[in-house]
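Enquirer: Dropping in my_file08.txt, with compact mmCIF, C-alpha atoms.
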# COMPACT_ATOMS: atom_id res chain seq x y z
CA MET A 1 0.00 0.00 0.00
CA SER A 2 1.34 3.43 -0.93
CA LYS A 3 1.99 5.79 1.96
CA GLY A 4 1.37 8.80 -0.29
CA GLU A 5 3.37 11.98 0.14
CA VAL A 6 5.43 12.17 3.33
CA LYS A 7 7.13 15.22 4.79
CA ALA A 8 9.15 15.73 7.97
CA GLU A 9 9.65 18.88 9.96
CA ILE A 10 11.54 20.04 13.02
CA LEU A 11 9.36 21.38 15.84
CA LEU A 12 10.69 24.40 17.72
CA PRO A 13 8.96 26.29 20.56
CA THR A 14 8.45 30.04 20.85
CA SER A 15 6.83 32.46 23.24
CA GLU A 16 6.18 35.15 20.62
CA LEU A 17 5.98 34.07 16.99
CA ARG A 18 6.03 37.58 15.51
CA ASN A 19 9.62 38.00 16.71
CA ASP A 20 10.78 34.81 15.00
CA ILE A 21 9.34 35.42 11.54
CA PRO A 22 11.88 38.09 10.44
CA PHE A 23 14.77 36.06 11.88
CA PHE A 24 13.95 32.88 9.95
CA THR A 25 13.01 34.70 6.73
CA LYS A 26 15.46 37.61 6.57
CA THR A 27 18.45 36.54 8.67
CA LEU A 28 18.43 32.85 7.69
CA GLY A 29 16.90 33.32 4.24
CA MET A 30 14.17 30.71 4.69
CA ARG A 31 10.75 30.79 3.07
CA LEU A 32 7.53 31.19 5.03
CA ASP A 33 5.25 28.37 3.86
CA MET A 34 2.39 28.43 6.39
CA ILE A 35 1.09 30.64 9.17
CA TYR A 36 -2.06 30.33 11.28
CA PRO A 37 -4.50 31.22 12.70
CA ALA A 38 -4.86 34.42 10.73
CA ASP A 39 -6.18 36.63 13.52
CA ASP A 40 -3.46 35.74 16.07
CA PRO A 41 -0.75 33.53 14.50
CA SER A 42 0.79 30.92 16.80
CA VAL A 43 2.27 28.51 14.21
CA ALA A 44 4.57 29.23 11.29
CA VAL A 45 6.29 26.75 8.97
CA PHE A 46 9.50 27.73 7.21
CA SER A 47 11.55 25.85 4.62
CA GLY A 48 14.99 26.27 3.13
CA HIS A 49 18.53 24.88 3.03
CA GLY A 50 17.10 21.33 3.07
CA LEU A 51 15.07 21.96 6.24
CA ARG A 52 11.40 22.29 7.10
CA VAL A 53 10.92 24.03 10.44
CA ARG A 54 7.68 24.44 12.42
CA VAL A 55 7.81 27.19 15.04
CA GLU A 56 4.90 26.87 17.44
CA LYS A 57 3.90 29.07 20.35
CA GLY A 58 3.95 27.11 23.60
CA ALA A 59 5.17 23.88 21.97
CA ASP A 60 6.44 21.20 24.35
CA ALA A 61 9.92 21.04 22.77
CA GLN A 62 13.46 22.28 23.27
CA PRO A 63 14.79 25.24 21.23
CA GLY A 64 17.52 22.97 19.77
CA THR A 65 20.39 23.84 17.43
CA LEU A 66 20.30 24.30 13.65
CA ARG A 67 23.50 23.89 11.64
CA ILE A 68 23.52 25.60 8.26
CA LEU A 69 26.30 24.57 5.87
CA THR A 70 27.30 26.88 3.06
CA ASP A 71 30.19 27.25 0.66
CA SER A 72 30.18 31.02 1.41
CA PRO A 73 29.83 31.33 5.20
CA ASP A 74 31.22 34.87 5.19
CA LYS A 75 28.37 35.98 2.93
CA PHE A 76 25.62 34.27 4.95
CA ALA A 77 23.87 36.08 7.83
CA ASP A 78 26.31 38.98 7.50
CA GLY A 79 29.22 36.66 8.23
CA GLN A 80 28.01 35.67 11.69
CA ARG A 81 28.91 32.09 12.62
CA ASN A 82 26.82 31.71 15.80
CA LEU A 83 23.37 33.20 16.22
CA THR A 84 20.44 32.84 18.59
CA ALA A 85 16.88 33.12 17.31
CA PRO A 86 14.32 35.05 19.38
CA ASN A 87 12.78 31.70 20.38
CA GLY A 88 16.14 30.52 21.81
CA THR A 89 17.18 28.23 18.95
CA LYS A 90 20.95 28.23 18.42
CA VAL A 91 22.11 28.56 14.83
CA GLU A 92 25.61 27.58 13.70
CA ILE A 93 26.94 28.61 10.28
CA ALA A 94 29.69 26.29 9.00
CA GLU A 95 31.64 25.41 5.86
CA LEU A 96 29.76 23.15 3.45
CA SER A 97 33.00 21.49 2.32
CA PRO A 98 35.74 22.27 4.82
CA PRO A 99 39.29 21.82 3.50
CA LEU A 100 40.99 18.53 4.27
CA VAL A 101 43.45 19.01 7.12
CA LEU A 102 46.49 16.73 7.20
CA PRO A 103 47.86 16.63 10.76
CA GLN A 104 51.58 16.91 11.32
CA THR A 105 53.06 13.42 11.70
CA ASP A 106 54.05 12.41 15.21
CA HIS A 107 57.02 10.27 14.24
CA ALA A 108 57.58 7.03 16.15
CA PHE A 109 59.11 3.59 15.77
CA VAL A 110 56.09 1.27 15.87
CA VAL A 111 55.89 -2.52 15.85
CA ARG A 112 52.47 -4.20 15.91
CA ARG A 113 52.47 -8.01 16.06
CA LEU A 114 49.56 -10.29 15.29
CA ALA A 115 50.61 -12.47 18.22
CA ASP A 116 49.89 -9.55 20.56
CA GLN A 117 46.20 -10.26 19.86
CA ALA A 118 45.14 -6.71 19.06
CA PRO A 119 41.35 -6.65 19.26
CA TRP A 120 39.19 -6.97 16.18
CA VAL A 121 36.28 -4.52 16.20
CA ILE A 122 33.14 -4.42 14.07
CA GLY A 123 33.23 -1.50 11.65
CA ARG A 124 31.35 -0.26 8.59
CA ALA A 125 29.21 -2.80 6.68
CA GLY A 126 29.86 -5.48 9.31
CA MET A 127 33.56 -5.80 8.51
CA GLN A 128 36.10 -6.64 11.26
CA TYR A 129 38.95 -4.18 11.79
CA ARG A 130 42.36 -4.56 13.48
CA ASP A 131 44.34 -1.35 14.07
CA LEU A 132 47.94 -1.66 12.84
CA ILE A 133 49.13 1.76 14.10
CA PRO A 134 47.40 2.40 17.45
CA SER A 135 48.94 5.88 17.84
CA ARG A 136 48.02 6.75 14.25
CA LEU A 137 51.17 8.89 14.29
CA GLY A 138 49.31 11.88 15.70
CA GLY A 139 46.33 11.43 13.38
CA SER A 140 48.29 11.46 10.13
CA ILE A 141 47.47 7.88 9.06
CA ILE A 142 45.28 4.89 9.80
CA ALA A 143 46.34 1.38 8.80
CA SER A 144 43.75 -1.37 9.19
CA HIS A 145 43.81 -5.12 8.76
CA ILE A 146 40.24 -5.88 7.68
CA ARG A 147 38.56 -9.27 7.34
CA ILE A 148 35.16 -10.71 6.50
CA PRO A 149 34.98 -14.30 7.82
CA ASP A 150 31.80 -15.27 5.95
CA GLY A 151 31.77 -14.53 2.25
CA GLY A 152 28.83 -13.44 0.15
CA PRO A 153 27.11 -10.15 -0.66
CA VAL A 154 28.49 -7.19 1.32
CA PRO A 155 25.84 -4.80 2.73
CA ASP A 156 27.57 -1.75 1.29
CA MET A 157 26.25 1.38 -0.43
CA VAL A 158 27.71 3.73 -3.03
CA HIS A 159 29.94 6.04 -1.03
CA TYR A 160 33.12 8.10 -1.12
CA HIS A 161 35.84 9.23 1.27
CA THR A 162 37.25 12.70 1.85
CA VAL A 163 40.90 11.68 2.05
CA GLY A 164 44.38 12.64 0.96
CA PHE A 165 45.29 9.05 0.09
CA GLN A 166 43.65 5.64 0.40
CA LEU A 167 44.90 2.16 -0.48
CA ILE A 168 43.10 -1.18 -0.52
CA PHE A 169 45.49 -4.15 -0.78
CA CYS A 170 43.90 -7.60 -1.05
CA TYR A 171 45.87 -9.84 1.31
CA ARG A 172 43.79 -13.05 1.29
CA GLY A 173 40.86 -14.21 -0.83
CA TRP A 174 39.13 -11.87 -3.27
CA VAL A 175 36.51 -9.13 -3.33
CA ASP A 176 34.28 -7.70 -6.07
CA LEU A 177 34.35 -3.90 -6.40
CA VAL A 178 32.92 -1.22 -8.66
CA TYR A 179 34.22 2.33 -9.13
CA GLU A 180 33.00 5.55 -10.68
CA ASP A 181 34.06 5.97 -14.34
CA GLN A 182 36.00 2.66 -14.29
CA GLY A 183 33.46 0.44 -16.05
CA GLU A 184 31.96 -2.85 -14.92
CA PRO A 185 32.59 -4.43 -11.50
CA PHE A 186 35.82 -6.40 -11.22
CA ARG A 187 37.41 -8.91 -8.87
CA LEU A 188 40.35 -7.81 -6.74
CA HIS A 189 42.49 -10.89 -6.14
CA ALA A 190 45.04 -11.57 -3.40
CA GLY A 191 48.30 -9.74 -4.13
CA ASN A 192 46.55 -7.00 -6.10
CA CYS A 193 45.56 -3.53 -4.94
CA VAL A 194 43.64 -0.40 -5.80
CA ILE A 195 43.91 3.18 -4.70
CA GLN A 196 40.71 5.08 -4.08
CA PRO A 197 41.41 8.66 -5.18
CA PRO A 198 39.76 11.38 -3.12
CA GLU A 199 35.95 11.28 -3.43
CA ILE A 200 35.74 8.61 -6.13
CA ARG A 201 32.38 6.86 -5.74
CA HIS A 202 32.63 3.12 -5.17
CA ARG A 203 30.98 0.10 -3.63
CA VAL A 204 32.01 -3.28 -2.24
CA LEU A 205 29.75 -5.93 -3.80
CA TYR A 206 30.76 -9.46 -2.90
CA ALA A 207 33.53 -11.14 -0.95
CA SER A 208 35.04 -14.59 -0.75
CA ASP A 209 35.11 -16.51 2.52
CA ASN A 210 37.88 -15.26 4.82
CA ILE A 211 38.69 -12.22 2.71
CA GLU A 212 41.42 -10.04 4.26
CA VAL A 213 42.60 -6.63 3.08
CA ILE A 214 45.03 -3.99 4.27
CA GLU A 215 43.54 -0.50 4.11
CA ILE A 216 45.59 2.68 4.47
CA GLY A 217 43.91 6.06 4.94
CA VAL A 218 45.41 9.54 5.20
CA PRO A 219 44.55 11.31 7.45
CA ALA A 220 43.46 8.87 10.16
CA GLU A 221 40.08 10.54 10.69
CA HIS A 222 38.25 11.17 7.46
CA ILE A 223 34.62 11.43 6.42
CA THR A 224 32.73 8.70 4.55
CA THR A 225 29.73 10.07 2.65
CA ILE A 226 26.91 7.96 1.22
CA ASP A 227 25.89 8.94 -2.32
CA HIS A 228 22.19 8.12 -2.59
CA ASP A 229 21.92 9.38 -6.18
CA MET A 230 24.70 7.64 -8.12
CA GLU A 231 24.28 4.11 -9.39
CA LEU A 232 27.34 2.03 -10.18
CA PRO A 233 28.52 1.11 -12.70
CA ASN A 234 27.80 4.54 -14.18
CA PRO A 235 27.59 5.02 -17.96
CA THR A 236 30.77 7.14 -18.23
CA ILE A 237 34.06 5.29 -18.70
CA ASN A 238 37.10 7.49 -18.20
CA PRO A 239 40.07 5.59 -16.70
CA ASP A 240 42.35 8.64 -17.11
CA ARG A 241 40.12 10.93 -15.06
CA GLU A 242 41.86 12.68 -12.20
CA PHE A 243 40.13 12.94 -8.85
CA GLN A 244 41.76 15.91 -7.09
CA GLY A 245 44.98 15.19 -8.97
CA GLN A 246 45.00 11.42 -8.50
CA LYS A 247 44.10 8.63 -10.92
CA PHE A 248 42.45 5.35 -10.07
CA VAL A 249 44.92 2.43 -10.07
CA HIS A 250 44.16 -1.29 -10.21
CA HIS A 251 47.54 -2.95 -9.80
CA LYS A 252 47.76 -6.60 -10.85
CA ALA A 253 50.63 -8.70 -9.54
CA ALA A 254 50.67 -10.97 -12.58
CA GLU A 255 51.49 -8.03 -14.86
CA ALA A 256 54.12 -6.40 -12.65
CA MET A 257 57.87 -6.17 -13.20
CA TRP A 258 60.34 -6.94 -10.40
CA LYS A 259 63.27 -4.55 -10.06
CA PRO A 260 66.02 -3.75 -7.53
CA PHE A 261 64.55 -1.94 -4.52
CA ARG A 262 65.70 1.26 -2.83
CA ILE A 263 67.41 -0.88 -0.14
CA PRO A 264 70.26 -3.04 -1.52
CA GLY A 265 69.56 -6.75 -1.26
CA LEU A 266 65.82 -6.42 -1.92
CA ASN A 267 63.68 -6.51 -5.05
CA SER A 268 60.25 -4.95 -5.49
CA ARG A 269 57.31 -4.59 -7.80
CA ASP A 270 56.20 -1.01 -8.16
CA THR A 271 52.42 -0.53 -8.22
CA THR A 272 52.75 2.77 -10.22
CA ILE A 273 50.87 4.51 -7.40
CA ALA A 274 53.57 7.17 -6.92
CA GLU A 275 53.24 8.12 -10.58
CA ASN A 276 49.44 8.18 -10.53
CA THR A 277 49.16 10.18 -7.31
CA LYS A 278 51.78 12.70 -8.43
CA ASN A 279 54.07 11.45 -5.67
CA VAL A 280 51.55 11.75 -2.83
CA ALA A 281 52.29 8.13 -1.90
CA GLY A 282 54.11 5.04 -3.09
CA VAL A 283 53.33 1.34 -2.70
CA HIS A 284 55.77 -1.55 -3.25
CA VAL A 285 55.72 -5.29 -2.67
CA VAL A 286 59.20 -6.30 -1.51
CA ARG A 287 61.11 -9.62 -1.53
CA PRO A 288 64.64 -10.53 -0.39
CA GLU A 289 67.51 -11.39 -2.68
CA ASN A 290 70.62 -10.89 -0.52
CA ALA A 291 71.56 -9.58 2.91
CA THR A 292 70.65 -5.94 3.48
CA PRO A 293 72.73 -3.16 5.09
CA PHE A 294 71.57 -0.70 7.72
CA SER A 295 69.82 2.23 6.06
CA SER A 296 67.78 5.30 6.93
CA HIS A 297 65.25 7.36 4.98
CA ASN A 298 63.68 10.83 4.93
CA ALA A 299 60.06 9.90 4.12
CA ASP A 300 57.42 11.43 6.35
CA ILE A 301 55.65 8.06 6.77
CA LEU A 302 57.08 4.60 6.04
CA PHE A 303 54.74 1.71 6.87
CA ASN A 304 55.36 -2.02 6.30
CA PHE A 305 53.15 -5.07 6.65
CA VAL A 306 54.62 -8.59 6.67
CA MET A 307 52.47 -10.59 4.25
CA GLU A 308 54.48 -13.82 4.15
CA GLY A 309 57.57 -15.32 5.77
CA GLU A 310 59.72 -14.08 8.63
CA MET A 311 62.40 -11.48 9.30
CA THR A 312 64.20 -9.69 12.11
CA LEU A 313 63.83 -5.93 12.30
CA GLU A 314 66.87 -4.23 13.83
CA GLY A 315 66.77 -0.56 14.77
CA ASP A 316 69.32 1.66 16.45
CA GLY A 317 68.60 1.92 20.17
CA ASN A 318 65.96 -0.83 20.09
CA GLU A 319 65.91 -4.54 20.76
CA PRO A 320 65.54 -6.65 17.59
CA PHE A 321 62.01 -7.74 16.71
CA ARG A 322 61.33 -11.14 15.14
CA LEU A 323 58.40 -10.58 12.78
CA THR A 324 56.08 -13.01 11.01
CA ALA A 325 53.07 -12.81 8.70
CA GLY A 326 50.44 -10.39 9.99
CA ASP A 327 52.91 -8.11 11.76
CA ALA A 328 53.33 -4.42 10.90
CA PHE A 329 55.89 -1.73 11.60
CA VAL A 330 56.59 1.96 11.03
CA ILE A 331 60.12 3.34 10.64
CA PRO A 332 60.47 7.06 11.39
CA PRO A 333 62.74 9.26 9.27
CA GLY A 334 66.39 9.24 10.26
CA LEU A 335 66.32 5.95 12.18
CA ALA A 336 68.89 3.42 10.94
CA THR A 337 67.32 -0.04 10.55
CA ARG A 338 68.14 -3.36 8.94
CA TYR A 339 66.09 -6.33 7.77
CA SER A 340 67.99 -9.49 8.72
CA GLU A 341 67.46 -13.25 9.02
CA MET A 342 64.92 -13.05 6.20
CA SER A 343 63.18 -16.24 5.10
CA ALA A 344 63.21 -17.04 1.40
CA ASN A 345 59.43 -16.53 1.18
CA LEU A 346 59.43 -13.13 2.93
CA GLU A 347 57.09 -10.63 1.29
CA LEU A 348 56.52 -7.10 2.58
CA LEU A 349 53.96 -4.47 1.67
CA GLU A 350 55.62 -1.04 1.93
CA VAL A 351 53.56 2.18 1.85
CA SER A 352 55.32 5.54 1.90
CA LEU A 353 54.35 9.18 1.92
CA PRO A 354 55.66 10.71 -0.26
CA GLY A 355 56.07 8.12 -2.96
CA VAL A 356 59.66 8.92 -3.86
CA PHE A 357 62.16 9.84 -1.14
CA GLU A 358 65.83 9.44 -0.23
CA THR A 359 67.36 6.32 1.29
CA GLU A 360 70.87 6.38 2.72
CA VAL A 361 72.95 3.28 3.38
CA VAL A 362 74.55 3.52 6.81
CA ARG A 363 78.12 2.22 6.76
CA ARG A 364 79.12 0.22 9.85
Take the structure in this file and express it as structure tokens.
Expert:
Amino acid sequence: MSKGEVKAEILLPTSELRNDIPFFTKTLGMRLDMIYPADDPSVAVFSGHGLRVRVEKGADAQPGTLRILTDSPDKFADGQRNLTAPNGTKVEIAELSPPLVLPQTDHAFVVRRLADQAPWVIGRAGMQYRDLIPSRLGGSIIASHIRIPDGGPVPDMVHYHTVGFQLIFCYRGWVDLVYEDQGEPFRLHAGNCVIQPPEIRHRVLYASDNIEVIEIGVPAEHITTIDHDMELPNPTINPDREFQGQKFVHHKAAEAMWKPFRIPGLNSRDTTIAENTKNVAGVHVVRPENATPFSSHNADILFNFVMEGEMTLEGDGNEPFRLTAGDAFVIPPGLATRYSEMSANLELLEVSLPGVFETEVVRR
């Protein structure tokens, strides 16, 4: 049965309606839709800015707070940011799209081991999250180990993230994804990754049993917005489109070339993410070839996740850490470290910001 037309409104009290009418219409720029009774008005309904507001004399309600978001806050309500209506309602004027703020990195040497049994928490769309950098380096980055134990359809919606950089690396299993302007849904297999440029619309569709991914987000706290209007896949196909200067990347391990890494004794496959983000970030998968020397770097953030095998992480002034699959670490700039006692099957995921930076071999 159809419910017919449905509207919702916010109820606000007042003691004298005639004082509120010029505030809501002139100061806030809303439209007066209804007013009654004619001889002594006690109810007025206003609409505007996505709101419908009913102001009623003697209503059993709290004055409340209205937040009005605009891309020109200095031109709204004569530039006032906090107002109080005659009926006591607080009004806050704020930026519609505030600029993304990247916190200054709080550098630290971080080791997070799977054996430490960091708690898994339930996050968005029922997925389980494990925090790989508890300090989040002062809010500059979040690194999550995400899993979905039971495969099948994922209860996700078309959404986007207001971020500076975001990586999804498929660690185990596979997941079906769809992205704005990138064509039909595709399957992201283990060993492959995508970057989600700022505000690209996307949706997680289906996952295998025991899917696991590593997700990196910069900054640590960022907004996820649901897009109720876009349907994916959308009709436009434009793989070269830039989203705030970054291009979508779907890196496939089977098509990658292995080359000598920035640290002697290691090889890597470059995901081309540094190139496609204009050096915002870089992502490499790293394997051992020979023994490595001590080295230091000048990257702002250098994160590693042990995907396979074992290694010992040595760092000046620190006890050595024996690391195995599922462990993660962050090396701050200027700290001399060495990867030693590496198993033949060792495989690391390295994420850096920026993508290209200097590495110096430390002679001992």
Enquirer: Give me, as a list in words, all polymer residues having an atom no more than 12 Å from Glu9 (chain A), counting all atoms listed in the file and skipping those fewer than 3 positions away in the same chain.
Expert: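 Once the adjacent positions are removed, what remains is Val6, Leu12, Ala44, Val45, Phe46, Ser47, Gly48, Gly50, Leu51, Arg52, Val53, Arg54, Val55 and Glu56 of chain A.
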Enquirer: Have a look at CA of Gly355 (chain A) and CA of His297 (chain A) and let me know their distance in Å, one decimal.
Expert: 12.2 Å
Enquirer: Counting only C-alpha atoms, find residues at most 12 Å from (43.4, -5.1, 10.3) (file frame) and give them as a ChimeraX atom specification.
Expert: /A:112-114,117-123,127-134,142-148,168-171,211-216,305,326-328
Enquirer: In Å, with one decimal, what is the gap from CA of Val204 (chain A) to CA of Tyr160 (chain A)?
Expert: 11.5 Å
Enquirer: Between A:His159, A:Lys252, A:His189, A:His202, which one has atoms that come closest to His228 (chain A), using only C-alpha atoms?
Expert: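 Smallest distance to His228 (chain A) is found for A:His159.
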Enquirer: Looking at only C-alpha atoms, which of A:Pro41, A:Pro288, A:Pro198, A:Gly245 is the one that sits closest to Glu16 (chain A)?
Expert: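 The shortest atom-to-atom distance to Glu16 (chain A) comes from A:Pro41.
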Enquirer: Expressed in Å to a single decimal, how great is the separation between CA of Arg67 (chain A) and CA of Val43 (chain A)?
Expert: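 CA of Val43 (chain A) lies at a distance of 21.9 Å from CA of Arg67 (chain A).
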Enquirer: Identify which of the residues A:Glu5, A:Asp106, A:Glu358, A:Glu199 lies closest to Thr224 (chain A), counting only C-alpha atoms when measuring atom-to-atom distances.
Expert: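 Smallest separation from Thr224 (chain A) among the options: A:Glu199.
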Enquirer: Would you mind listing what lies within 6 Å of Glu308 (chain A) as a JSON list (two decimals) with C-alpha atoms, keeping the file's coordinate frame, with all atoms listed in the file counted and same-chain residues fewer than 5 positions away left out?
Expert:
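As written to disk, result33.json reads:
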[["chain", "number", "residue", "atom", "x", "y", "z"],
["A", 325, "ALA", "CA", 53.07, -12.81, 8.70],
["A", 346, "LEU", "CA", 59.43, -13.13, 2.93],
["A", 347, "GLU", "CA", 57.09, -10.63, 1.29]]
Enquirer: Given the point (29.1, -10.9, 0.5) in the file's coordinates, find the residues that have an atom at most 9 Å from it, counting all atoms listed in the file, and give them as a list in words.
Expert: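 These residues have at least one counted atom within 9 Å: Ile148, Asp150, Gly151, Gly152, Pro153, Val154, Pro155, Val175, Asp176, Val204, Leu205, Tyr206, Ala207, Ser208 and Asp209 of chain A.
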Enquirer: Suppose we keep C-alpha atoms; can you now write the selection as an mmCIF file, keeping the file's coordinate frame?
Expert:
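The file below, again_15.cif, is the result:
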data_model
loop_
_atom_site.group_PDB
_atom_site.id
_atom_site.type_symbol
_atom_site.label_atom_id
_atom_site.label_comp_id
_atom_site.auth_asym_id
_atom_site.auth_seq_id
_atom_site.Cartn_x
_atom_site.Cartn_y
_atom_site.Cartn_z
ATOM 1 C CA ILE A 148 35.160 -10.710 6.500
ATOM 2 C CA ASP A 150 31.800 -15.270 5.950
ATOM 3 C CA GLY A 151 31.770 -14.530 2.250
ATOM 4 C CA GLY A 152 28.830 -13.440 0.150
ATOM 5 C CA PRO A 153 27.110 -10.150 -0.660
ATOM 6 C CA VAL A 154 28.490 -7.190 1.320
ATOM 7 C CA PRO A 155 25.840 -4.800 2.730
ATOM 8 C CA VAL A 175 36.510 -9.130 -3.330
ATOM 9 C CA ASP A 176 34.280 -7.700 -6.070
ATOM 10 C CA VAL A 204 32.010 -3.280 -2.240
ATOM 11 C CA LEU A 205 29.750 -5.930 -3.800
ATOM 12 C CA TYR A 206 30.760 -9.460 -2.900
ATOM 13 C CA ALA A 207 33.530 -11.140 -0.950
ATOM 14 C CA SER A 208 35.040 -14.590 -0.750
ATOM 15 C CA ASP A 209 35.110 -16.510 2.520
#
Enquirer: Since the input lacks atoms, please generate all heavy atoms for region 48-55 of chain A and provide them as a PDB file, keeping the file's coordinate frame.
Expert:
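What landed in result09.pdb:
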ATOM      1  N   GLY A  48      13.799  25.762   3.799  1.00  0.00           N
ATOM      2  CA  GLY A  48      14.990  26.270   3.130  1.00  0.00           C
ATOM      3  C   GLY A  48      16.234  25.528   3.581  1.00  0.00           C
ATOM      4  O   GLY A  48      16.273  24.966   4.680  1.00  0.00           O
ATOM      5  N   HIS A  49      17.244  25.509   2.723  1.00  0.00           N
ATOM      6  CA  HIS A  49      18.530  24.880   3.030  1.00  0.00           C
ATOM      7  C   HIS A  49      18.363  23.398   3.377  1.00  0.00           C
ATOM      8  O   HIS A  49      19.119  22.848   4.174  1.00  0.00           O
ATOM      9  CB  HIS A  49      19.235  25.609   4.181  1.00  0.00           C
ATOM     10  CG  HIS A  49      19.136  27.110   4.125  1.00  0.00           C
ATOM     11  ND1 HIS A  49      19.485  27.823   3.004  1.00  0.00           N
ATOM     12  CD2 HIS A  49      18.705  28.022   5.052  1.00  0.00           C
ATOM     13  CE1 HIS A  49      19.291  29.113   3.232  1.00  0.00           C
ATOM     14  NE2 HIS A  49      18.809  29.262   4.463  1.00  0.00           N
ATOM     15  N   GLY A  50      17.330  22.746   2.800  1.00  0.00           N
ATOM     16  CA  GLY A  50      17.100  21.330   3.070  1.00  0.00           C
ATOM     17  C   GLY A  50      16.332  21.064   4.341  1.00  0.00           C
ATOM     18  O   GLY A  50      16.202  19.904   4.749  1.00  0.00           O
ATOM     19  N   LEU A  51      15.790  22.110   4.979  1.00  0.00           N
ATOM     20  CA  LEU A  51      15.070  21.960   6.240  1.00  0.00           C
ATOM     21  C   LEU A  51      13.619  22.411   6.108  1.00  0.00           C
ATOM     22  O   LEU A  51      13.290  23.296   5.308  1.00  0.00           O
ATOM     23  CB  LEU A  51      15.715  22.799   7.343  1.00  0.00           C
ATOM     24  CG  LEU A  51      17.061  22.364   7.907  1.00  0.00           C
ATOM     25  CD1 LEU A  51      17.572  23.439   8.870  1.00  0.00           C
ATOM     26  CD2 LEU A  51      16.934  21.037   8.635  1.00  0.00           C
ATOM     27  N   ARG A  52      12.779  21.812   6.911  1.00  0.00           N
ATOM     28  CA  ARG A  52      11.400  22.290   7.100  1.00  0.00           C
ATOM     29  C   ARG A  52      11.232  22.459   8.612  1.00  0.00           C
ATOM     30  O   ARG A  52      11.395  21.503   9.380  1.00  0.00           O
ATOM     31  CB  ARG A  52      10.395  21.272   6.545  1.00  0.00           C
ATOM     32  CG  ARG A  52       8.931  21.701   6.692  1.00  0.00           C
ATOM     33  CD  ARG A  52       8.025  20.622   6.080  1.00  0.00           C
ATOM     34  NE  ARG A  52       6.634  20.827   6.415  1.00  0.00           N
ATOM     35  CZ  ARG A  52       5.757  21.470   5.652  1.00  0.00           C
ATOM     36  NH1 ARG A  52       6.170  21.993   4.491  1.00  0.00           N
ATOM     37  NH2 ARG A  52       4.487  21.610   6.017  1.00  0.00           N
ATOM     38  N   VAL A  53      10.944  23.685   9.024  1.00  0.00           N
ATOM     39  CA  VAL A  53      10.920  24.030  10.440  1.00  0.00           C
ATOM     40  C   VAL A  53       9.535  24.558  10.822  1.00  0.00           C
ATOM     41  O   VAL A  53       9.009  25.460  10.167  1.00  0.00           O
ATOM     42  CB  VAL A  53      11.998  25.092  10.768  1.00  0.00           C
ATOM     43  CG1 VAL A  53      11.909  25.505  12.235  1.00  0.00           C
ATOM     44  CG2 VAL A  53      13.385  24.560  10.454  1.00  0.00           C
ATOM     45  N   ARG A  54       8.969  23.984  11.885  1.00  0.00           N
ATOM     46  CA  ARG A  54       7.680  24.440  12.420  1.00  0.00           C
ATOM     47  C   ARG A  54       7.949  25.129  13.756  1.00  0.00           C
ATOM     48  O   ARG A  54       8.450  24.514  14.700  1.00  0.00           O
ATOM     49  CB  ARG A  54       6.754  23.235  12.629  1.00  0.00           C
ATOM     50  CG  ARG A  54       5.395  23.565  13.259  1.00  0.00           C
ATOM     51  CD  ARG A  54       4.673  22.267  13.600  1.00  0.00           C
ATOM     52  NE  ARG A  54       3.375  22.490  14.221  1.00  0.00           N
ATOM     53  CZ  ARG A  54       2.201  22.462  13.574  1.00  0.00           C
ATOM     54  NH1 ARG A  54       2.200  22.208  12.272  1.00  0.00           N
ATOM     55  NH2 ARG A  54       1.069  22.667  14.207  1.00  0.00           N
ATOM     56  N   VAL A  55       7.651  26.408  13.812  1.00  0.00           N
ATOM     57  CA  VAL A  55       7.810  27.190  15.040  1.00  0.00           C
ATOM     58  C   VAL A  55       6.419  27.400  15.635  1.00  0.00           C
ATOM     59  O   VAL A  55       5.541  27.988  14.988  1.00  0.00           O
ATOM     60  CB  VAL A  55       8.513  28.535  14.769  1.00  0.00           C
ATOM     61  CG1 VAL A  55       8.686  29.313  16.073  1.00  0.00           C
ATOM     62  CG2 VAL A  55       9.866  28.313  14.103  1.00  0.00           C
TER      63      VAL A  55
END
